[in-house]
>>> print(open('my_file-v1.cif').read())   # mmCIF, C-alpha atoms; chains and numbers go by the auth columns
data_data
loop_
_atom_site.group_PDB
_atom_site.id
_atom_site.type_symbol
_atom_site.label_atom_id
_atom_site.label_comp_id
_atom_site.label_asym_id
_atom_site.label_seq_id
_atom_site.Cartn_x
_atom_site.Cartn_y
_atom_site.Cartn_z
_atom_site.B_iso_or_equiv
_atom_site.auth_seq_id
_atom_site.auth_asym_id
ATOM 1 C CA MET A 1 134.318 43.525 -203.228 0.00 208 A
ATOM 2 C CA THR A 2 136.748 44.516 -200.510 0.00 209 A
ATOM 3 C CA GLN A 3 138.245 47.866 -199.666 0.00 210 A
ATOM 4 C CA GLU A 4 141.100 47.735 -197.231 0.00 211 A
ATOM 5 C CA THR A 5 143.105 50.263 -195.294 0.00 212 A
ATOM 6 C CA THR A 6 146.190 48.617 -193.859 0.00 213 A
ATOM 7 C CA THR A 7 148.381 50.659 -191.648 0.00 214 A
ATOM 8 C CA GLY A 8 150.560 51.413 -188.807 0.00 215 A
ATOM 9 C CA THR A 9 151.005 54.510 -190.973 0.00 216 A
ATOM 10 C CA ASP A 10 148.545 56.439 -193.145 0.00 217 A
ATOM 11 C CA ARG A 11 148.219 54.156 -196.159 0.00 218 A
ATOM 12 C CA ALA A 12 145.139 52.707 -197.809 0.00 219 A
ATOM 13 C CA THR A 13 144.793 49.971 -200.374 0.00 220 A
ATOM 14 C CA ALA A 14 142.075 48.296 -202.351 0.00 221 A
ATOM 15 C CA PRO A 15 142.153 44.927 -204.098 0.00 222 A
ATOM 16 C CA GLU A 16 143.868 44.736 -207.445 0.00 223 A
ATOM 17 C CA GLY A 17 141.735 46.372 -210.100 0.00 224 A
ATOM 18 C CA ALA A 18 139.534 48.182 -207.565 0.00 225 A
ATOM 19 C CA ALA A 19 139.617 51.856 -206.717 0.00 226 A
ATOM 20 C CA ALA A 20 141.153 52.907 -203.414 0.00 227 A
ATOM 21 C CA PRO A 21 138.801 54.478 -200.873 0.00 228 A
ATOM 22 C CA GLU A 22 138.143 58.176 -201.474 0.00 229 A
ATOM 23 C CA GLY A 23 140.946 60.307 -200.076 0.00 230 A
ATOM 24 C CA ALA A 24 143.246 57.298 -199.652 0.00 231 A
ATOM 25 C CA ALA A 25 147.007 57.633 -199.741 0.00 232 A
ATOM 26 C CA ALA A 26 149.284 55.572 -201.942 0.00 233 A
ATOM 27 C CA PRO A 27 149.321 51.812 -201.214 0.00 234 A
ATOM 28 C CA GLU A 28 151.578 50.703 -198.384 0.00 235 A
ATOM 29 C CA THR A 29 154.213 48.137 -199.190 0.00 236 A
ATOM 30 C CA ALA A 30 154.584 46.562 -195.739 0.00 237 A
ATOM 31 C CA ALA A 31 152.053 46.939 -192.946 0.00 238 A
ATOM 32 C CA ARG A 32 153.212 46.262 -189.410 0.00 239 A
ATOM 33 C CA THR A 33 152.034 42.864 -188.247 0.00 240 A
ATOM 34 C CA PRO A 34 151.742 42.475 -184.496 0.00 241 A
ATOM 35 C CA GLN A 35 153.691 39.541 -183.132 0.00 242 A
ATOM 36 C CA ALA A 36 151.098 39.029 -180.399 0.00 243 A
ATOM 37 C CA GLY A 37 148.233 38.658 -182.895 0.00 244 A
ATOM 38 C CA TRP A 38 145.063 40.486 -183.853 0.00 245 A
ATOM 39 C CA VAL A 39 141.776 41.547 -182.325 0.00 246 A
ATOM 40 C CA VAL A 40 139.078 41.564 -185.018 0.00 247 A
ATOM 41 C CA VAL A 41 136.092 43.858 -184.480 0.00 248 A
ATOM 42 C CA ALA A 42 132.798 43.657 -186.349 0.00 249 A
ATOM 43 C CA TRP A 43 132.144 47.389 -186.726 0.00 250 A
ATOM 44 C CA THR A 44 129.048 49.286 -187.774 0.00 251 A
ATOM 45 C CA PRO A 45 128.709 53.086 -187.882 0.00 252 A
ATOM 46 C CA ASP A 46 126.403 53.248 -184.857 0.00 253 A
ATOM 47 C CA GLU A 47 126.435 52.880 -181.079 0.00 254 A
ATOM 48 C CA PHE A 48 126.876 49.101 -181.334 0.00 255 A
ATOM 49 C CA GLY A 49 129.953 49.396 -183.515 0.00 256 A
ATOM 50 C CA GLU A 50 131.421 52.104 -181.302 0.00 257 A
ATOM 51 C CA ALA A 51 130.985 49.930 -178.205 0.00 258 A
ATOM 52 C CA ALA A 52 132.670 47.030 -180.006 0.00 259 A
ATOM 53 C CA LEU A 53 135.542 49.251 -181.160 0.00 260 A
ATOM 54 C CA ASP A 54 136.058 50.696 -177.657 0.00 261 A
ATOM 55 C CA HIS A 55 136.346 47.200 -176.180 0.00 262 A
ATOM 56 C CA ALA A 56 138.537 45.942 -179.035 0.00 263 A
ATOM 57 C CA LEU A 57 140.983 48.818 -178.586 0.00 264 A
ATOM 58 C CA ALA A 58 141.157 48.240 -174.830 0.00 265 A
ATOM 59 C CA ALA A 59 141.821 44.519 -175.332 0.00 266 A
ATOM 60 C CA ALA A 60 144.437 45.192 -178.017 0.00 267 A
ATOM 61 C CA ARG A 61 146.296 47.713 -175.832 0.00 268 A
ATOM 62 C CA GLU A 62 146.236 45.356 -172.851 0.00 269 A
ATOM 63 C CA ARG A 63 147.510 42.363 -174.828 0.00 270 A
ATOM 64 C CA GLY A 64 149.792 44.029 -177.369 0.00 271 A
ATOM 65 C CA HIS A 65 147.606 43.013 -180.328 0.00 272 A
ATOM 66 C CA GLY A 66 146.815 44.792 -183.552 0.00 273 A
ATOM 67 C CA VAL A 67 143.213 45.732 -184.421 0.00 274 A
ATOM 68 C CA ALA A 68 141.384 44.649 -187.571 0.00 275 A
ATOM 69 C CA VAL A 69 138.094 46.467 -188.169 0.00 276 A
ATOM 70 C CA VAL A 70 135.599 44.749 -190.481 0.00 277 A
ATOM 71 C CA ASN A 71 132.576 46.609 -191.848 0.00 278 A
ATOM 72 C CA GLY A 72 130.420 44.475 -194.105 0.00 279 A
ATOM 73 C CA THR A 73 127.199 44.225 -196.027 0.00 280 A
ATOM 74 C CA ARG A 74 125.375 41.626 -198.047 0.00 281 A
ATOM 75 C CA GLY A 75 124.715 44.291 -200.658 0.00 282 A
ATOM 76 C CA ASP A 76 121.125 43.178 -201.183 0.00 283 A
ATOM 77 C CA ALA A 77 119.426 46.336 -199.904 0.00 284 A
ATOM 78 C CA LEU A 78 119.333 49.735 -201.572 0.00 285 A
ATOM 79 C CA VAL A 79 120.567 51.346 -198.377 0.00 286 A
ATOM 80 C CA ASP A 80 122.326 49.418 -195.629 0.00 287 A
ATOM 81 C CA ASP A 81 122.842 51.792 -192.704 0.00 288 A
ATOM 82 C CA ARG A 82 125.363 49.378 -191.176 0.00 289 A
ATOM 83 C CA TYR A 83 127.670 49.714 -194.192 0.00 290 A
ATOM 84 C CA ALA A 84 129.804 52.784 -193.529 0.00 291 A
ATOM 85 C CA ALA A 85 130.072 55.744 -195.865 0.00 292 A
ATOM 86 C CA PRO A 86 133.593 57.031 -196.590 0.00 293 A
ATOM 87 C CA GLY A 87 133.420 59.714 -193.845 0.00 294 A
ATOM 88 C CA PRO A 88 132.734 57.446 -190.847 0.00 295 A
ATOM 89 C CA LEU A 89 135.197 54.867 -192.190 0.00 296 A
ATOM 90 C CA ALA A 90 137.904 57.545 -192.439 0.00 297 A
ATOM 91 C CA GLU A 91 137.127 58.614 -188.852 0.00 298 A
ATOM 92 C CA VAL A 92 137.659 55.033 -187.655 0.00 299 A
ATOM 93 C CA ALA A 93 140.941 54.824 -189.566 0.00 300 A
ATOM 94 C CA GLU A 94 142.081 58.098 -187.978 0.00 301 A
ATOM 95 C CA ARG A 95 141.088 56.882 -184.520 0.00 302 A
ATOM 96 C CA LEU A 96 143.106 53.704 -185.094 0.00 303 A
ATOM 97 C CA ARG A 97 146.122 55.671 -186.354 0.00 304 A
ATOM 98 C CA ALA A 98 146.011 57.781 -183.189 0.00 305 A
ATOM 99 C CA THR A 99 146.377 54.650 -181.028 0.00 306 A
ATOM 100 C CA GLY A 100 149.725 53.737 -182.560 0.00 307 A
ATOM 101 C CA LEU A 101 148.588 50.103 -182.740 0.00 308 A
ATOM 102 C CA PRO A 102 149.032 48.073 -185.909 0.00 309 A
ATOM 103 C CA HIS A 103 145.671 48.065 -187.644 0.00 310 A
ATOM 104 C CA VAL A 104 143.718 47.243 -190.742 0.00 311 A
ATOM 105 C CA VAL A 105 140.267 48.415 -191.834 0.00 312 A
ATOM 106 C CA ARG A 106 138.326 46.223 -194.229 0.00 313 A
ATOM 107 C CA GLN A 107 135.061 47.064 -195.889 0.00 314 A
ATOM 108 C CA GLU A 108 133.544 43.914 -197.345 0.00 315 A
ATOM 109 C CA MET A 109 130.581 43.096 -199.537 0.00 316 A
ATOM 110 C CA GLY A 110 129.569 39.478 -199.729 0.00 317 A
ATOM 111 C CA ARG A 111 126.944 36.857 -199.133 0.00 318 A
ATOM 112 C CA ASP A 112 127.001 36.961 -195.345 0.00 319 A
ATOM 113 C CA VAL A 113 128.416 39.551 -192.919 0.00 320 A
ATOM 114 C CA ALA A 114 129.232 36.942 -190.260 0.00 321 A
ATOM 115 C CA ASP A 115 131.213 34.969 -192.848 0.00 322 A
ATOM 116 C CA GLN A 116 133.107 38.150 -193.782 0.00 323 A
ATOM 117 C CA VAL A 117 134.130 38.771 -190.157 0.00 324 A
ATOM 118 C CA LEU A 118 135.010 35.112 -189.589 0.00 325 A
ATOM 119 C CA ALA A 119 137.100 34.998 -192.774 0.00 326 A
ATOM 120 C CA VAL A 120 139.180 37.969 -191.630 0.00 327 A
ATOM 121 C CA ALA A 121 139.552 36.405 -188.176 0.00 328 A
ATOM 122 C CA GLU A 122 140.763 33.165 -189.747 0.00 329 A
ATOM 123 C CA GLU A 123 143.070 34.913 -192.214 0.00 330 A
ATOM 124 C CA LEU A 124 144.737 36.931 -189.450 0.00 331 A
ATOM 125 C CA ASP A 125 144.685 34.085 -186.921 0.00 332 A
ATOM 126 C CA ALA A 126 142.762 36.374 -184.555 0.00 333 A
ATOM 127 C CA ARG A 127 143.196 36.010 -180.826 0.00 334 A
ATOM 128 C CA LEU A 128 139.814 37.675 -180.124 0.00 335 A
ATOM 129 C CA VAL A 129 136.720 38.803 -182.049 0.00 336 A
ATOM 130 C CA VAL A 130 134.602 41.641 -180.636 0.00 337 A
ATOM 131 C CA VAL A 131 130.966 42.213 -181.644 0.00 338 A
ATOM 132 C CA GLY A 132 128.332 44.673 -180.539 0.00 339 A
ATOM 133 C CA LEU A 133 125.014 43.172 -179.495 0.00 340 A
ATOM 134 C CA ARG A 134 121.678 44.647 -180.492 0.00 341 A
ATOM 135 C CA ARG A 135 118.294 43.579 -179.215 0.00 342 A
ATOM 136 C CA ARG A 136 116.226 41.746 -181.824 0.00 343 A
ATOM 137 C CA SER A 137 112.755 40.315 -181.703 0.00 344 A
ATOM 138 C CA PRO A 138 112.348 36.521 -181.895 0.00 345 A
ATOM 139 C CA VAL A 139 110.668 36.905 -185.303 0.00 346 A
ATOM 140 C CA GLY A 140 113.537 39.104 -186.540 0.00 347 A
ATOM 141 C CA LYS A 141 116.057 36.479 -185.459 0.00 348 A
ATOM 142 C CA LEU A 142 114.071 33.739 -187.167 0.00 349 A
ATOM 143 C CA LEU A 143 113.712 35.601 -190.460 0.00 350 A
ATOM 144 C CA MET A 144 117.144 37.162 -190.755 0.00 351 A
ATOM 145 C CA GLY A 145 119.375 35.360 -188.283 0.00 352 A
ATOM 146 C CA SER A 146 121.939 37.157 -186.158 0.00 353 A
ATOM 147 C CA VAL A 147 125.431 38.111 -187.243 0.00 354 A
ATOM 148 C CA ALA A 148 126.597 38.200 -183.615 0.00 355 A
ATOM 149 C CA GLN A 149 125.093 34.780 -182.895 0.00 356 A
ATOM 150 C CA ARG A 150 126.778 33.213 -185.926 0.00 357 A
ATOM 151 C CA ILE A 151 130.117 34.720 -184.921 0.00 358 A
ATOM 152 C CA LEU A 152 129.717 33.559 -181.305 0.00 359 A
ATOM 153 C CA LEU A 153 128.930 30.003 -182.373 0.00 360 A
ATOM 154 C CA THR A 154 131.401 29.672 -185.241 0.00 361 A
ATOM 155 C CA ALA A 155 134.575 31.614 -184.375 0.00 362 A
ATOM 156 C CA GLU A 156 137.671 29.542 -183.661 0.00 363 A
ATOM 157 C CA CYS A 157 138.901 32.061 -181.073 0.00 364 A
ATOM 158 C CA PRO A 158 137.266 33.711 -178.043 0.00 365 A
ATOM 159 C CA VAL A 159 134.488 36.206 -178.805 0.00 366 A
ATOM 160 C CA LEU A 160 133.648 39.230 -176.683 0.00 367 A
ATOM 161 C CA ALA A 161 130.046 40.432 -177.093 0.00 368 A
ATOM 162 C CA VAL A 162 129.404 43.959 -175.807 0.00 369 A
ATOM 163 C CA LYS A 163 126.481 46.342 -175.422 0.00 370 A
ATOM 164 C CA PRO A 164 126.465 50.118 -175.841 0.00 371 A
ATOM 165 C CA GLY A 165 126.916 51.957 -172.576 0.00 372 A
ATOM 166 C CA THR A 166 129.421 49.456 -171.181 0.00 373 A
ATOM 167 C CA ALA A 167 132.954 50.639 -170.518 0.00 374 A
ATOM 168 C CA PRO A 168 135.984 48.459 -171.209 0.00 375 A
ATOM 169 C CA ALA A 169 137.569 47.097 -168.025 0.00 376 A
#
>>> encode(input="my_file-v1.cif", output="structure tokens")
Amino acid sequence: MTQETTTGTDRATAPEGAAAPEGAAAPETAARTPQAGWVVVAWTPDEFGEAALDHALAAARERGHGVAVVNGTRGDALVDDRYAAPGPLAEVAERLRATGLPHVVRQEMGRDVADQVLAVAEELDARLVVVGLRRRSPVGKLLMGSVAQRILLTAECPVLAVKPGTAPA
């Protein structure tokens, strides 16, 4: 299941047959596509996602790119605190609108979050992927893997890995 907000204006869309995100405007017919390409950011509603978004916006402004925000979940837990509720997702969309940059917000549910981010990066022919890094124990990495690690090793474009508390250059 994918929910998508595609804009350069204030429009939101969902896949055919799916409901649009709560409070969404009518579907947009033609989103602005940046000629210089896209920066894809793996976003979570926490300090790691905010750091990634800050760096993605700085890179997009500097290079004239659009920004694609991907928030995903595997959907196998009753509560996934990395999968954004409608409020935080709307706040991200508003923040993106305020930049004036072409942007898209995707909320994905699928087998693997890294695959979701990489699929969007491939679809948009991303010029850069930005991920927030979180500290994990060796056992945690062994049992559950690392979304950031999979993206770093698999992406076809450069990947910028950032930590909270770091300011974009």
>>> atom_distance(input="my_file-v1.cif", atom1="atom CA of A:Gly271", atom2="atom CA of A:Gln242")
8.3 Å
>>> residues_around(input="my_file-v1.cif", residues="A:Gln356", least_positions_apart="5", cutoff="10 Å", atoms="only C-alpha atoms", output="MDAnalysis selection string")
chainID A and resid 321 338 340 348 361 368
>>> resolve_selection(input="my_file-v1.cif", expression="the PyMOL selection byres ((chain A and resi 325) around 12)", output="number ranges by chain")
A: 246-249, 275-279, 315, 319-324, 326-333, 335-338, 354-366
>>> atom_distance(input="my_file-v1.cif", atom1="atom CA of A:Ala259", atom2="atom CA of A:Val369")
6.1 Å
>>> resolve_selection(input="my_file-v1.cif", expression="the PyMOL selection byres ((chain A and resi 290) around 6)", output="count of residues only")
6
>>> resolve_selection(input="my_file-v1.cif", expression="the PyMOL selection byres ((chain A and resi 370) around 10)", output="list in words")
Glu254, Phe255, Gly256, Glu257, Ala258, Ala259, His262, Val338, Gly339, Leu340, Arg341, Arg342, Ala368, Val369, Pro371, Gly372, Thr373 and Ala374 of chain A
>>> closest_residue(input="my_file-v1.cif", among="A:Ala297, A:Ala243, A:Val311, A:Leu367", to="A:Arg268", atoms="only C-alpha atoms")
A:Ala243
